[in-house]
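Take a look at the structure set out below.
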Amino acid sequence: MEQKSRSALNILRTVAIIIVLVGAAITLYFVMQAGASNKSVLLLSLFIIWDFSPFAALLAANSVFKHRAVVVRVTLYILMFVIAIGSPVFYWHISGLSGPSRTGPFLIVPILSWLLMIIILPLTAAFARRRQNHL
């Protein structure tokens with residue numbers, strides 16, 4: 001039975017990584033599209049780095065949490081799905097806008113993504129440790 005759950009977890013992990021990579025590529029497309037009229041290469045580069053940072057953090061967390069409790073890894077994979085799907089969907093939604101209101105979400109969505117990761121992952125890890133200590 002443990003082999004089945006380990007296999008299911010590996011499949012979930014693989015799908016989550018693929019979703020993150022696809023989400024990052026789609027986000028890059030929307031950042032490039034929104035910044036196409038901007039003449040500053042530096043500003044566009046900073047937006048790309050900022051908007052790509054949650055995806056890079058998720059991939060890094062995937063490596064760091066590889067041997068953590070199952071509940072922590074599953075929580076990470078769920079976050080990977082939520083952020084990797086939610087960000088591009090939100091960017092697509094605002095892609096029809098024009099003007100300065102169009103750039104705000106490209107600053108706010110990564111902040112929200114980081115907040116989700118910074119709050120949820122440590123809380124889940126603490127819960128898992130506490131649960132492990134009580135067993």
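Ordering of the structure tokens sets the chain letters (A, B, ...), residue numbers begin anew at 1 in every chain, and ligands are numbered from 1 in the order given.
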
Tell me which protein, DNA and RNA residues are within 10 Å of Val82 in chain A, counting only C-alpha atoms, leaving out same-chain ones fewer than 6 positions away, and put them as a count of residues only. 6

Checklist line | One-decimal distance in Å that lies between CA of Arg73 in chain A and CA of Leu123 in chain A | finding: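 Going from CA of Leu123 in chain A over to CA of Arg73 in chain A covers 12.6 Å.
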
| query | How would you write, as a PyMOL selection string, the set of residues in range 6-72 of chain A that DSSP gives as alpha helix (DSSP H)? | reply | chain A and resi 6-34+41-64+70-72

Can you write out the residues you just picked, keeping C-alpha atoms, as a compact mmCIF listing (two decimals), in the first residue's frame?
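Final output, part-v4.txt:
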```
# COMPACT_ATOMS: atom_id res chain seq x y z
CA ARG A 6 4.59 6.88 -2.98
CA SER A 7 3.85 6.39 -6.68
CA ALA A 8 0.83 8.70 -6.49
CA LEU A 9 2.94 11.32 -4.72
CA ASN A 10 5.62 11.08 -7.42
CA ILE A 11 2.99 11.53 -10.13
CA LEU A 12 1.55 14.54 -8.29
CA ARG A 13 5.07 15.99 -7.95
CA THR A 14 5.82 15.51 -11.65
CA VAL A 15 2.53 17.07 -12.74
CA ALA A 16 3.07 19.99 -10.34
CA ILE A 17 6.55 20.65 -11.77
CA ILE A 18 5.21 20.58 -15.33
CA ILE A 19 2.37 22.94 -14.38
CA VAL A 20 4.86 25.35 -12.77
CA LEU A 21 7.07 25.35 -15.87
CA VAL A 22 4.09 25.94 -18.16
CA GLY A 23 2.71 28.63 -15.83
CA ALA A 24 6.09 30.38 -15.80
CA ALA A 25 6.25 30.33 -19.62
CA ILE A 26 2.73 31.73 -19.94
CA THR A 27 3.48 34.39 -17.34
CA LEU A 28 6.61 35.35 -19.29
CA TYR A 29 4.46 35.75 -22.40
CA PHE A 30 2.02 38.06 -20.60
CA VAL A 31 4.82 40.13 -19.05
CA MET A 32 6.44 40.54 -22.47
CA GLN A 33 3.09 41.44 -24.01
CA ALA A 34 2.31 44.01 -21.31
CA VAL A 41 14.93 47.14 -21.14
CA LEU A 42 15.92 47.43 -17.47
CA LEU A 43 12.33 47.92 -16.31
CA LEU A 44 11.08 45.02 -18.44
CA SER A 45 13.91 42.83 -17.10
CA LEU A 46 12.98 43.69 -13.52
CA PHE A 47 9.33 42.83 -14.19
CA ILE A 48 10.36 39.50 -15.72
CA ILE A 49 12.56 38.65 -12.73
CA TRP A 50 9.89 39.72 -10.24
CA ASP A 51 7.05 37.84 -11.94
CA PHE A 52 9.18 34.74 -12.46
CA SER A 53 10.44 34.68 -8.84
CA PRO A 54 7.47 32.78 -7.31
CA PHE A 55 7.87 30.05 -9.93
CA ALA A 56 11.60 29.78 -9.21
CA ALA A 57 10.84 29.66 -5.47
CA LEU A 58 8.32 26.86 -5.98
CA LEU A 59 10.85 24.81 -7.94
CA ALA A 60 13.49 25.45 -5.27
CA ALA A 61 11.04 24.51 -2.50
CA ASN A 62 10.31 21.31 -4.38
CA SER A 63 13.99 20.35 -4.01
CA VAL A 64 14.26 21.50 -0.41
CA VAL A 70 3.92 13.91 3.13
CA VAL A 71 1.47 16.59 4.28
CA VAL A 72 4.11 19.29 3.67
```

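CA of Lys4 in chain A to CA of Val74 in chain A spans 15.1 Å [interatomic distance, one decimal].
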